[in-house]
Each structure stands twice: as C-alpha cells, then as structure tokens.
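Everything on this sheet refers to the single structure shown next.
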Amino acid sequence: MLGELLCFRCGSADFSGASAFVSGVWVAPAVKVDADSPPIQLIVLPNCVSQAYSAIVRRTPWKTSVMFLTRLLVLAGVILCSASGAFAQLRVVDYNLAKLIGDIPSARGVLTAMGQDDKFGFATAPAVMCFQEIPNTVLASVDALVLSAFPGVPYARGTYTTSGTEDGAGGAQAMYYRTDLLTEIVSGHADIFTGASRNSDRWLLQLNGYTSTSARFYIYSSHLKASNTTVDAATRNTGAIALRANADALGAGVHAIFCGDYNLYTNTEATYATMTAAGNAQCVDPLGTANWTGATNAIKHTQSPRLLSGALVGGGVDDRFDFQFSSIDFHDGDGLSMIAGTYRTFGNDGNHYNLDINTGNNDYFPTDIPRSNVAADMLFAASDHLPVVVDYQVPPIMNATMQATFGPVIVGATVTVPVLVWNSANVVHVSGSDALLASVVGSAGLVGSQQVTAPLAPSSIAVNLLVNTAAAASINASATITTAVEGAQNPTITRTLTGSVLAHARASWSAASVVATTTAPISTAANVGAVQIIVPMYNFGYTAAQATLDVDGATGLVAPFSVVDSVDSGIGAAASSLVFSFDSNGRAPGVYSQVATIATSDANLPGATSASRTLTLQVTVTGGGNAADLNQDGSVNATDLAILLNAWGPVNPKTSSADIDGNGLVGGSDLAILLNGWS
C-alpha cells in the first residue's frame with residue numbers, strides 16, 4: 001500500500017524509454033527513500049523531471065532528500081540525453097570525481113544534469129568528459145557511471161594509464177568520449193609527468209565525418225600538486241612547464257584543451273603565467289586573467305561545494321582550482337572554436353561564497369529555482385569539486401547541388417542555373433557550427449560568382465549563375481564552390497553542367513543563300529478557276545546546331561489572291577512548301593501581283609526570335625483565254641493532248657503549260673479541262 005502519492009511538474013525532458021509509459025504519463029516503480037520512510041510512487045507527467053525534487057527537498061533531512069533525488073533521476077532514466085541523436089556540437093566537461101567516494105547516484109545525476117544544461121539556449125550530452133582522481137580500483141565503476149548517466153548515448157573510455165604510485169598520489173586521469181561524434185587517434189596519447197608522482201594525460205580526438213586534420217584536437221587532463229606552500233606552487237609550475245613543452249611541440253595552430261584540477265590559488269602563480277604564456281599552444285582563460293579570489297568572483301569558483309569536511313574536502317565555495325584552458329586557436333572563431341560565453345562552473349550561481357552550494361535557494365538556472373536546487377543538492381553530495389562545462393562549435397560541412405543539364409536553348413536566351421549551398425553540420429543549435437562562408441564561381445560556360453553565408457540544413461541559399469549563350473556551342477560548364485573555413489568538410493565542391501546553345505533559324509527563299517525578298521511568277525489563261533502558286537521556304541544552312549524554323553502565317557493578300565497553306569513548323573534540312581491561290585475566272589489578260597508578308601520564327605525554345613520575309617506573287621493572264629490550247633494555235637486538239645500526256649506527272653507550274661490548273665501536277669484534272677475545251 002502506498003504511503004504517499006506524488007505528482008511532480010517540472011522542466012523539459014523526453015521520457016521515451018522510461019520504466020513505464022501509460023497514457024502519456026511516466027510511472028516509476030515505488031521506492032523507499034530510506035529505511036524510515038514509506039514507499040513513494042513517482043508519477044511524472046511529460047515535460048517534467050528537474051523540478052520534481054523541489055516538492056520535498058526543503059522539508060526533509062539532507063540524506064533523505066539526496067537519496068530521493070538520485071533515485072528519481074535513476075528511475076527516470078535521465079531520458080533527455082539518451083533520446084537525442086548524434087549531434088556534432090561539442091560539450092566538454094571536466095570534473096574531479098574525488099576517487100568516487102561521494103554519493104554515486106548523485107554523481108550520476110550531476111553528469112546527466114550537465115547534459116541537460118540549457119543555460120545558453122541548448123542542451124546536449126557531453127562529447128568529452130575528463131575526470132580527475134580516478135584510480136584503477138574505481139575505473140569500472142566510472143565506466144558504469146557514465147553509461148548509466150546517458151543511456152543510449154555511445155561512450156568509450158579513452159586510453160587509460162596509471163600505476164600504483166600515481167593511484168596513491170591522487171589517482172590518474174580518465175577521459176570518455178562519444179563514439180558517434182569522435183574517434184580517438186590512439187597514437188596521439190601521451191603521459192606527461194607533472195610532479196608529485198602524477199601524470200597528465202593527452203588524447204587526440206578526430207571529429208567523425210570530417211577528414212581535415214584541422215577537425216581534430218588534443219585534450220589534456222591534469223591534477224597538479226595541491227596545497228599553498230612555495231614548494232607546492234613550484235611543483236605545480238614544473239608540471240605546467242611540462243604541459244606547455246609537450247603542447248608547443250605539436251606545432252603552430254594546434255587545437256588543444258587543458259582541463260583539470262590545477263589547484264591554483266591566485267592568478268599571480270607562476271603556473272598560471274606558464275599556461276598563458278606566448279607560444280604555439282598559448283592558453284586562453286575564458287574568464288579573463290584578472291584576480292578571481294573573493295566573494296565578488298564567487299561565480300568562478302569550483303571548490304568546495306560543501307562547507308564541512310568529511311570523506312570529502314570541505315571549505316565552502318571559495319577557490320578556483322578547476323580550469324578548462326584552451327589554446328588560442330580555439331578562440332579565433334574559425335572552425336573549431338569555443339562558443340563565446342559558455343564557460344561556466346556547473347551549478348555555481350555566484351551566491352554561495354564560503355557556503356555549501358545548496359544553502360538556501362540556488363539560482364544557477366535563474367528562471368527555474370527548483371531545478372537549480374536539484375542540481376545543487378547533487379553537487380553537494382557527489383564530490384568536493386564543481387565541474388566546469390564549456391561548449392565548442394564545430395566546422396561546417398559544406399554541401400552543394402546544381403542541375404546537371406539544360407536546354408536546348410537558342411543564342412541570346414537567359415538561362416539561370418541556381419547553385420544551392422548549405423551547411424549539413426548536425427548540431428543542436430545554430431551556434432554549434434561555425435558559419436559556412438562559401439564562394440561560388442562559374443566557369444567554362446557558366447558566368448557569375450558570389451560570396452554567401454550558407455545556412456544550416458534543411459535550409460539552403462541559392463546562387464544564380466548564367467549560361468553563356470552569346471554564341472552557338474555545346475556547353476560543358478562547371479561551378480566551383482569553396483570555403484576557407486578551417487577544418488570544414490568538403491571545402492571544394494565542383495558541379496558540372498552540360499547543354500546546347502543553338503544558332504537561330506534562317507528563313508530564306510533560297511537554299512543557296514539567305515534571301516529575304518523574292519517574286520514568284522506564273523502564267524495562266526483566264527477562266528480556268530483557281531490556280532495554285534507553290535513557293536518553297538528554306539531554313540538556310542541547317543545543322544543539328546541550329547534551331548528549326550517555324551512559318552507562322554502570311555498576311556497582305558486580297559482577292560483574287562488568297563492563302564491556302566502558310567503555316568508550318570520544325571523546318572530543318574527539307575524545305576517547306578507555302579501554297580497560295582489565284583482566281584483566274586473573269587480576269588482580263590495582263591499581269592496581276594500582290595505582296596505578302598510571311599511571319600517566321602525560331603522553334604519554341606528559350607531565346608527564340610522572329611523574322612519576316614517578303615513574297616511578291618505575280619500572275620500573267622494570257623490573251624488566248626483558253627488554257628487548254630497548250631500550243632496556242634487557236635484550237636484544242638490531238639496536238640495539245642500529246643503535249644499534256646508527254647508532261648504527265650509532277651511539273652513546275654511556272655514553266656509547264658500542261659499544268660493547266662497550276663497545282664504542280666499534270667494529271668486527270670488537267671486532262672478533264674483539255675477535253676472540255678476540245679475544238
């Protein structure tokens with residue numbers, strides 16, 4: 001029987017994969033928070049986890065509160081981080097876990113909460129976590145801690161080295177990285193002796209999906225000598241000198257992150273000066289180089305989240321021992337770079353100087369005090385250090401596309417070819433990728449160039465290039481898209497374009513040259529009806545590189561002339577025949593003529609133009625008045641019949657008197673006219 005039923009409403013989370021999901025409500029198994037309390041059934045509504053604890057945390061003893069909170073987080077499966085996909089954006093965490101002697105469920109909750117930290121507008125499971133004070137005896141437990149803090153997120157432990165001496169002197173360094181985002185280049189690992197029987201570790205990580213060496217970075221984790229004596233400070237500086245010598249030897253432009261517990265008391269220590277001195281791996285302190293001591297700088301402090309000492313060191317939040325330096329190349333905004341302003345001590349609101357981090361209310365998340373209080377309680381119980389969290393942008397991944405073909409078109413056409421460019425870096429927030437500054441340049445038939453800033457997918461930006469259509473040609477053009485952003489993937493992309501630019505059609509009355517004006521003369525007798533006039537139209541010089549010709553019609557004719565057929569299309573190598581008619585009935589002998597305007601154009605393609613041609617139709621009506629009198633001897637008889645039969649078949653009506661009806665063919669209709677006129 002349940003002793004208490006709680007329903008908590010809180011900040012955002014994704015509960016897919018939780019213990020049970022019933023009608024949209026997540027239900028966890030009933031739990032006992034301690035031996036003296038009744039079991040509690042957790043019912044967590046969608047969009048809630050972080051404020052759940054606030055319902056009881058301020059009204060129960062510390063131990064009960066922490067135990068309840070951590071079990072809540074474990075049962076909830078810390079789903080926000082596990083549900084997310086593989087995003088290349090980098091969140092780097094360093095945290096001294098104090099040999100894991102603190103409350104392990106609280107430590108797990110802290111890791112999860114750092115992945116959920118959306119203080120700057122986005123949240124993502126850490127890409128890299130560096131832990132200090134990790135002796136070999138707790139390594140397997142840390143492995144399990146990481147995997148349980150981020151279920152579903154693939155983590156691997158980087159190369160791990162230690163010794164009995166190092167374990168006894170504070171423990172070795174352990175680094176975990178997301179295998180969906182990064183790959184360790186094992187040959188880049190090194191141990192650097194930094195004094196006091198301790199080694200710093202160096203790892204080399206490459207961004208997945210990137211091939212440039214500028215898309216890889218070194219990360220160092222260190223635990224320098226503690227205490228504030230002159231000898232201790234000198235030992236720390238000896239370690240810093242070794243770190244800088246190692247990193248400087250990597251060459252100019254190195255991307256390196258230096259994180260860990262440096263045990264620095266002031267900014268005047270030689271160690272601090274060594275780390276920030278000029279050189280290939282000169283370190284930048286994102287919080288500035290000014291004094292960090294005192295209450296006014298409390299927000300920078302990382303030790304200790306607890307006032308009283310026990311198994312964990314106390315002293316209150318009053319020291320800045322933990323750092324995440326980065327080389328100057330992480331601060332140029334080019335490619336791999338720190339996202340400005342994201343360096344923070346997780347859970348430190350700046351209001352707990354020399355106090356427990358969970359004294360009273362905590363407002364690390366200013367608009368969500370209950371959520372901040374949850375984080376503060378976990379930090380208090382987990383370790384005697386506060387973790388440092390920094391977000392970094394990744395280089396862009398350039399992609400571009402362009403149509404592969406066009407046309408055909410005709411000389412003078414306007415052909416716009418858009419080149420689409422976008423950044424496909426898979427980040428959770430636009431600030432997680434460097435801006436993609438790209439140059440698009442056309443060549444070999446593509447004209448134009450433009451500098452653009454391409455957006456993140458699924459958006460894109462279009463750069464419109466123009467095909468050079470000044471002359472007929474077969475186009476084999478290309479567009480080259482480049483970016484100079486450091487470490488960018490696909491920094492040069494070439495897209496090709498093929499197509500044809502055709503010459504204009506050339507309407508002509510002759511097959512030998514371009515003739516724009518001509519006369520078509522014929523002769524006919526009067527009173528023989530409609531006489532056809534057939535005129536050929538050519539597309540002069542036609543080849544496959546030239547547009548076909550369309551004849552669009554004739555105008556300007558009146559009776560006795562008329563248009564029979566003056567429309568045609570697709571005229572290539574073969575001529576088209578335009579047909580006109582002359583009505584001979586009732587015409588007196590003489591010459592009849594009219595001028596026709598013939599409209600022509602290119603085939604219906606981009607760039608098509610039109611032209612007109614002039615045709616004079618001229619008909620001579622002979623005096624005999626009888627077209628059947630082929631020899632004009634005054635009678636229609638066997639002599640005329642012989643002339644007609646000898647000419648039987650296709651003829652030129654302009655030159656053959658046997659084509660009585662003028663249709664270009666001596667045939668039955670002509671024979672009928674002749675026989676009807678027999679005399």
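Residue numbers start at 1 in each chain; chains themselves are named A, B, ... in the order of the structure tokens; ligands are numbered from 1 in the order shown.
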
For this session: Step one, run DSSP on the backbone; step two, keep only residues of range 171-342 of chain A assigned to strand (DSSP E); then write them as a VMD selection string.
Result: chain A and resid 172 to 178 182 to 184 190 to 193 199 to 207 216 to 223 256 to 261 283 to 284 322 to 327 337 to 338

Within 9 Å of range 488-505 of chain A, which residues of range 372-403 of chain A come that close, and what is the closest atom pair and distance in Å for each? Count only C-alpha atoms and give it as JSON lines.
{"residue": "A:Val394", "atom": "CA", "partner": "A:Ala488", "partner_atom": "CA", "distance": 8.6}
{"residue": "A:Pro395", "atom": "CA", "partner": "A:Ala488", "partner_atom": "CA", "distance": 5.0}
{"residue": "A:Pro396", "atom": "CA", "partner": "A:Ala488", "partner_atom": "CA", "distance": 5.1}
{"residue": "A:Ile397", "atom": "CA", "partner": "A:Gln489", "partner_atom": "CA", "distance": 4.6}
{"residue": "A:Met398", "atom": "CA", "partner": "A:Asn490", "partner_atom": "CA", "distance": 5.6}
{"residue": "A:Asn399", "atom": "CA", "partner": "A:Asn490", "partner_atom": "CA", "distance": 7.1}
{"residue": "A:Ala400", "atom": "CA", "partner": "A:Ile493", "partner_atom": "CA", "distance": 7.1}
{"residue": "A:Thr401", "atom": "CA", "partner": "A:Arg495", "partner_atom": "CA", "distance": 7.0}
{"residue": "A:Met402", "atom": "CA", "partner": "A:Arg495", "partner_atom": "CA", "distance": 6.4}
{"residue": "A:Gln403", "atom": "CA", "partner": "A:Leu497", "partner_atom": "CA", "distance": 6.8}

Output for the residues just chosen: N, CA and C atoms as an mmCIF file, in the first residue's frame:
data_model
loop_
_atom_site.group_PDB
_atom_site.id
_atom_site.type_symbol
_atom_site.label_atom_id
_atom_site.label_comp_id
_atom_site.auth_asym_id
_atom_site.auth_seq_id
_atom_site.Cartn_x
_atom_site.Cartn_y
_atom_site.Cartn_z
ATOM 1 N N VAL A 394 31.735 23.427 -34.042
ATOM 2 C CA VAL A 394 32.469 22.561 -34.961
ATOM 3 C C VAL A 394 32.549 23.250 -36.321
ATOM 4 N N PRO A 395 33.452 22.807 -37.182
ATOM 5 C CA PRO A 395 33.494 23.385 -38.533
ATOM 6 C C PRO A 395 32.234 23.016 -39.305
ATOM 7 N N PRO A 396 31.912 23.781 -40.323
ATOM 8 C CA PRO A 396 30.754 23.437 -41.149
ATOM 9 C C PRO A 396 31.045 22.246 -42.052
ATOM 10 N N ILE A 397 30.006 21.608 -42.501
ATOM 11 C CA ILE A 397 30.096 20.570 -43.533
ATOM 12 C C ILE A 397 29.385 21.122 -44.758
ATOM 13 N N MET A 398 30.155 21.433 -45.778
ATOM 14 C CA MET A 398 29.572 22.087 -46.950
ATOM 15 C C MET A 398 28.982 21.062 -47.907
ATOM 16 N N ASN A 399 27.809 21.372 -48.385
ATOM 17 C CA ASN A 399 27.181 20.593 -49.447
ATOM 18 C C ASN A 399 26.610 21.554 -50.478
ATOM 19 N N ALA A 400 26.585 21.110 -51.711
ATOM 20 C CA ALA A 400 26.067 21.949 -52.791
ATOM 21 C C ALA A 400 25.499 21.065 -53.888
ATOM 22 N N THR A 401 24.483 21.575 -54.550
ATOM 23 C CA THR A 401 23.891 20.847 -55.659
ATOM 24 C C THR A 401 23.545 21.822 -56.777
ATOM 25 N N MET A 402 23.527 21.302 -57.985
ATOM 26 C CA MET A 402 23.203 22.101 -59.161
ATOM 27 C C MET A 402 22.655 21.152 -60.217
ATOM 28 N N GLN A 403 21.725 21.638 -61.027
ATOM 29 C CA GLN A 403 21.211 20.801 -62.104
ATOM 30 C C GLN A 403 22.349 20.385 -63.025
#

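These are the residues of range 556-665 of chain A assigned alpha helix (DSSP H) by DSSP from backbone coordinates: Ala638, Thr639, Asp640, Leu641, Ala642, Ile643, Leu644, Leu645 and Asn646 of chain A.
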
Problem set entry | Polymer residues at most 9 Å from Phe325 in chain A, only C-alpha atoms, same-chain spacing of 4 or more positions, as a PyMOL selection string | chain A and resi 256-259+275-276+283-286

For this session: Rank A:Gln116, A:Asn348, A:Thr600, A:Asn423 by their smallest atom-to-atom distance to Pro366 in chain A, using only C-alpha atoms, and report the top residue only.
Result: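 Once distances to Pro366 in chain A are computed over only C-alpha atoms, the minimum belongs to A:Asn348.
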
For this session: Would you mind listing what lies within 10 Å of Ala627 in chain A as a list in words, with only C-alpha atoms counted and same-chain residues fewer than 4 positions away left out?
Result: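 Contacts, in chain order: Ser523, Thr524, Ala525, Ala526, Asn527, Val528, Val621, Thr622, Gly623, Asn631, Gln632, Val636, Ser657, Ala658, Asp659, Ile660, Asp661, Asp670, Ile673, Leu674 and Gly677 of chain A.
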
Using N, CA and C atoms, can you write the selected residues to a file as a short mmCIF file (atom, residue, chain, number, x, y, z; two decimals), in the first residue's frame?
data_model
loop_
_atom_site.label_atom_id
_atom_site.label_comp_id
_atom_site.auth_asym_id
_atom_site.auth_seq_id
_atom_site.Cartn_x
_atom_site.Cartn_y
_atom_site.Cartn_z
N SER A 523 2.14 31.95 -115.16
CA SER A 523 1.23 32.36 -116.25
C SER A 523 0.03 31.44 -116.25
N THR A 524 -1.10 31.98 -116.61
CA THR A 524 -2.30 31.17 -116.69
C THR A 524 -3.27 31.80 -117.67
N ALA A 525 -4.10 31.00 -118.24
CA ALA A 525 -5.19 31.51 -119.07
C ALA A 525 -6.31 31.98 -118.16
N ALA A 526 -7.13 32.82 -118.65
CA ALA A 526 -8.29 33.26 -117.88
C ALA A 526 -9.35 32.18 -117.84
N ASN A 527 -10.19 32.29 -116.83
CA ASN A 527 -11.39 31.45 -116.73
C ASN A 527 -11.09 29.97 -116.57
N VAL A 528 -9.99 29.67 -115.91
CA VAL A 528 -9.69 28.25 -115.63
C VAL A 528 -9.84 27.95 -114.14
N VAL A 621 -1.95 36.67 -116.90
CA VAL A 621 -3.11 36.04 -117.56
C VAL A 621 -2.94 36.25 -119.06
N THR A 622 -2.83 35.15 -119.80
CA THR A 622 -2.55 35.23 -121.24
C THR A 622 -3.78 35.64 -122.03
N GLY A 623 -3.52 36.16 -123.29
CA GLY A 623 -4.60 36.70 -124.11
C GLY A 623 -5.50 35.63 -124.69
N ASN A 631 -0.57 24.73 -127.25
CA ASN A 631 0.40 25.28 -128.20
C ASN A 631 -0.06 26.60 -128.78
N GLN A 632 -1.21 27.10 -128.25
CA GLN A 632 -1.73 28.42 -128.62
C GLN A 632 -1.89 28.56 -130.17
N VAL A 636 -8.06 23.34 -129.68
CA VAL A 636 -7.68 22.30 -128.72
C VAL A 636 -7.91 20.98 -129.41
N SER A 657 3.13 24.57 -119.45
CA SER A 657 1.76 24.95 -119.85
C SER A 657 0.80 23.79 -119.68
N ALA A 658 1.34 22.54 -119.57
CA ALA A 658 0.47 21.36 -119.44
C ALA A 658 -0.20 21.31 -118.08
N ASP A 659 0.37 22.01 -117.09
CA ASP A 659 -0.26 22.05 -115.75
C ASP A 659 -1.32 23.13 -115.80
N ILE A 660 -2.46 22.75 -116.42
CA ILE A 660 -3.49 23.75 -116.72
C ILE A 660 -4.05 24.38 -115.45
N ASP A 661 -4.25 23.54 -114.40
CA ASP A 661 -4.84 24.09 -113.16
C ASP A 661 -3.79 24.64 -112.20
N ASP A 670 -6.15 18.16 -115.23
CA ASP A 670 -5.73 18.90 -116.43
C ASP A 670 -6.33 18.27 -117.69
N ILE A 673 -9.91 19.34 -118.13
CA ILE A 673 -10.04 20.71 -118.66
C ILE A 673 -9.80 20.71 -120.17
N LEU A 674 -8.76 19.96 -120.60
CA LEU A 674 -8.42 19.91 -122.03
C LEU A 674 -9.57 19.32 -122.83
N GLY A 677 -12.46 21.52 -123.35
CA GLY A 677 -12.22 22.63 -124.28
C GLY A 677 -11.93 22.18 -125.71
#

For this session: Could you tell me how far CA of Asn263 in chain A lies from CA of Lys119 in chain A, in Å and to one decimal?
Result: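 Interatomic distance here is 26.7 Å.
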
Problem set entry | Between CA of Phe193 in chain A and CA of Thr229 in chain A - distance in Å to one decimal | 20.3 Å

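Here CA of Asp118 in chain A and CA of Ala298 in chain A stand 21.3 Å from one another.
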
Hey, what's within 12 Å of Arg244 in chain A if we count only C-alpha atoms and toss same-chain stuff fewer than 5 positions away? As a PDB file with N, CA and C atoms, in the first residue's frame, please?
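Listed below is the output, out_33.pdb:
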ATOM      1  N   ILE A 192      52.348  12.729 -19.499  1.00  0.00           N
ATOM      2  CA  ILE A 192      53.318  13.793 -19.237  1.00  0.00           C
ATOM      3  C   ILE A 192      53.493  13.885 -17.734  1.00  0.00           C
ATOM      4  N   PHE A 193      54.678  13.635 -17.264  1.00  0.00           N
ATOM      5  CA  PHE A 193      54.936  13.697 -15.826  1.00  0.00           C
ATOM      6  C   PHE A 193      54.861  15.146 -15.371  1.00  0.00           C
ATOM      7  N   THR A 194      54.015  15.397 -14.363  1.00  0.00           N
ATOM      8  CA  THR A 194      53.802  16.770 -13.905  1.00  0.00           C
ATOM      9  C   THR A 194      54.136  16.944 -12.426  1.00  0.00           C
ATOM     10  N   SER A 200      49.921  13.849 -16.248  1.00  0.00           N
ATOM     11  CA  SER A 200      48.801  14.353 -17.039  1.00  0.00           C
ATOM     12  C   SER A 200      48.675  13.452 -18.265  1.00  0.00           C
ATOM     13  N   ARG A 202      47.324  13.088 -22.293  1.00  0.00           N
ATOM     14  CA  ARG A 202      46.956  13.801 -23.516  1.00  0.00           C
ATOM     15  C   ARG A 202      46.305  12.810 -24.458  1.00  0.00           C
ATOM     16  N   TYR A 220      43.992  17.637 -22.808  1.00  0.00           N
ATOM     17  CA  TYR A 220      44.860  17.267 -21.688  1.00  0.00           C
ATOM     18  C   TYR A 220      44.025  17.269 -20.412  1.00  0.00           C
ATOM     19  N   ASN A 237      54.162  24.441 -11.074  1.00  0.00           N
ATOM     20  CA  ASN A 237      54.729  25.114 -12.246  1.00  0.00           C
ATOM     21  C   ASN A 237      55.610  24.177 -13.058  1.00  0.00           C
ATOM     22  N   THR A 238      56.299  23.275 -12.365  1.00  0.00           N
ATOM     23  CA  THR A 238      57.084  22.272 -13.099  1.00  0.00           C
ATOM     24  C   THR A 238      56.162  21.449 -14.007  1.00  0.00           C
ATOM     25  N   GLY A 239      54.993  21.095 -13.472  1.00  0.00           N
ATOM     26  CA  GLY A 239      54.023  20.366 -14.283  1.00  0.00           C
ATOM     27  C   GLY A 239      53.507  21.197 -15.445  1.00  0.00           C
ATOM     28  N   ALA A 249      55.229  21.650 -28.763  1.00  0.00           N
ATOM     29  CA  ALA A 249      55.924  20.817 -29.744  1.00  0.00           C
ATOM     30  C   ALA A 249      54.982  20.283 -30.823  1.00  0.00           C
ATOM     31  N   LEU A 250      53.694  20.416 -30.619  1.00  0.00           N
ATOM     32  CA  LEU A 250      52.737  19.957 -31.620  1.00  0.00           C
ATOM     33  C   LEU A 250      52.666  20.895 -32.815  1.00  0.00           C
ATOM     34  N   GLY A 251      53.246  22.079 -32.706  1.00  0.00           N
ATOM     35  CA  GLY A 251      53.334  22.990 -33.834  1.00  0.00           C
ATOM     36  C   GLY A 251      52.334  24.127 -33.762  1.00  0.00           C
ATOM     37  N   VAL A 254      47.857  24.617 -33.236  1.00  0.00           N
ATOM     38  CA  VAL A 254      47.314  23.428 -32.585  1.00  0.00           C
ATOM     39  C   VAL A 254      46.035  23.786 -31.825  1.00  0.00           C
ATOM     40  N   ALA A 256      44.099  22.689 -28.733  1.00  0.00           N
ATOM     41  CA  ALA A 256      44.315  21.912 -27.517  1.00  0.00           C
ATOM     42  C   ALA A 256      43.474  22.476 -26.391  1.00  0.00           C
ATOM     43  N   ILE A 257      42.881  21.570 -25.619  1.00  0.00           N
ATOM     44  CA  ILE A 257      42.118  21.926 -24.424  1.00  0.00           C
ATOM     45  C   ILE A 257      42.879  21.374 -23.226  1.00  0.00           C
ATOM     46  N   PHE A 258      43.060  22.208 -22.216  1.00  0.00           N
ATOM     47  CA  PHE A 258      43.783  21.823 -20.998  1.00  0.00           C
ATOM     48  C   PHE A 258      42.793  21.917 -19.843  1.00  0.00           C
ATOM     49  N   THR A 271      52.449  29.053 -12.304  1.00  0.00           N
ATOM     50  CA  THR A 271      51.762  28.060 -13.139  1.00  0.00           C
ATOM     51  C   THR A 271      50.790  28.731 -14.098  1.00  0.00           C
ATOM     52  N   TYR A 272      50.038  29.689 -13.590  1.00  0.00           N
ATOM     53  CA  TYR A 272      49.073  30.397 -14.429  1.00  0.00           C
ATOM     54  C   TYR A 272      49.793  31.162 -15.529  1.00  0.00           C
ATOM     55  N   ALA A 273      50.893  31.811 -15.181  1.00  0.00           N
ATOM     56  CA  ALA A 273      51.670  32.549 -16.178  1.00  0.00           C
ATOM     57  C   ALA A 273      52.248  31.607 -17.222  1.00  0.00           C
ATOM     58  N   THR A 274      52.683  30.436 -16.789  1.00  0.00           N
ATOM     59  CA  THR A 274      53.235  29.462 -17.736  1.00  0.00           C
ATOM     60  C   THR A 274      52.169  29.005 -18.732  1.00  0.00           C
ATOM     61  N   MET A 275      50.982  28.717 -18.232  1.00  0.00           N
ATOM     62  CA  MET A 275      49.932  28.226 -19.130  1.00  0.00           C
ATOM     63  C   MET A 275      49.482  29.288 -20.129  1.00  0.00           C
ATOM     64  N   THR A 276      49.510  30.539 -19.739  1.00  0.00           N
ATOM     65  CA  THR A 276      49.007  31.604 -20.618  1.00  0.00           C
ATOM     66  C   THR A 276      50.112  32.329 -21.379  1.00  0.00           C
ATOM     67  N   ALA A 277      51.350  31.840 -21.250  1.00  0.00           N
ATOM     68  CA  ALA A 277      52.464  32.496 -21.938  1.00  0.00           C
ATOM     69  C   ALA A 277      52.382  32.266 -23.442  1.00  0.00           C
ATOM     70  N   ALA A 278      53.025  33.153 -24.202  1.00  0.00           N
ATOM     71  CA  ALA A 278      53.037  33.042 -25.664  1.00  0.00           C
ATOM     72  C   ALA A 278      53.680  31.732 -26.099  1.00  0.00           C
ATOM     73  N   GLY A 279      53.280  31.244 -27.257  1.00  0.00           N
ATOM     74  CA  GLY A 279      53.816  30.001 -27.807  1.00  0.00           C
ATOM     75  C   GLY A 279      52.768  29.331 -28.665  1.00  0.00           C
ATOM     76  N   ASN A 280      53.143  28.219 -29.285  1.00  0.00           N
ATOM     77  CA  ASN A 280      52.218  27.526 -30.186  1.00  0.00           C
ATOM     78  C   ASN A 280      50.909  27.161 -29.505  1.00  0.00           C
ATOM     79  N   ALA A 281      50.984  26.760 -28.257  1.00  0.00           N
ATOM     80  CA  ALA A 281      49.800  26.311 -27.530  1.00  0.00           C
ATOM     81  C   ALA A 281      49.434  27.279 -26.414  1.00  0.00           C
ATOM     82  N   GLN A 282      49.672  28.550 -26.643  1.00  0.00           N
ATOM     83  CA  GLN A 282      49.314  29.548 -25.637  1.00  0.00           C
ATOM     84  C   GLN A 282      47.872  29.361 -25.201  1.00  0.00           C
ATOM     85  N   CYS A 283      47.667  29.312 -23.892  1.00  0.00           N
ATOM     86  CA  CYS A 283      46.337  29.069 -23.358  1.00  0.00           C
ATOM     87  C   CYS A 283      45.582  30.370 -23.139  1.00  0.00           C
ATOM     88  N   PHE A 325      41.303  25.536 -19.723  1.00  0.00           N
ATOM     89  CA  PHE A 325      42.014  26.402 -20.659  1.00  0.00           C
ATOM     90  C   PHE A 325      41.842  25.841 -22.077  1.00  0.00           C
ATOM     91  N   SER A 326      42.071  26.677 -23.064  1.00  0.00           N
ATOM     92  CA  SER A 326      42.128  26.194 -24.444  1.00  0.00           C
ATOM     93  C   SER A 326      43.112  27.046 -25.226  1.00  0.00           C
ATOM     94  N   SER A 327      43.753  26.415 -26.193  1.00  0.00           N
ATOM     95  CA  SER A 327      44.769  27.119 -26.972  1.00  0.00           C
ATOM     96  C   SER A 327      44.134  28.246 -27.760  1.00  0.00           C
TER      97      SER A 327
END

Exercise. Leaving out Ser566 in chain A and any residue of its chain fewer than 6 positions from it, which residues lie within 8 Å of it when counting only C-alpha atoms, given as an MDAnalysis selection string?
Worked result: chainID A and resid 551:554 578:580 598
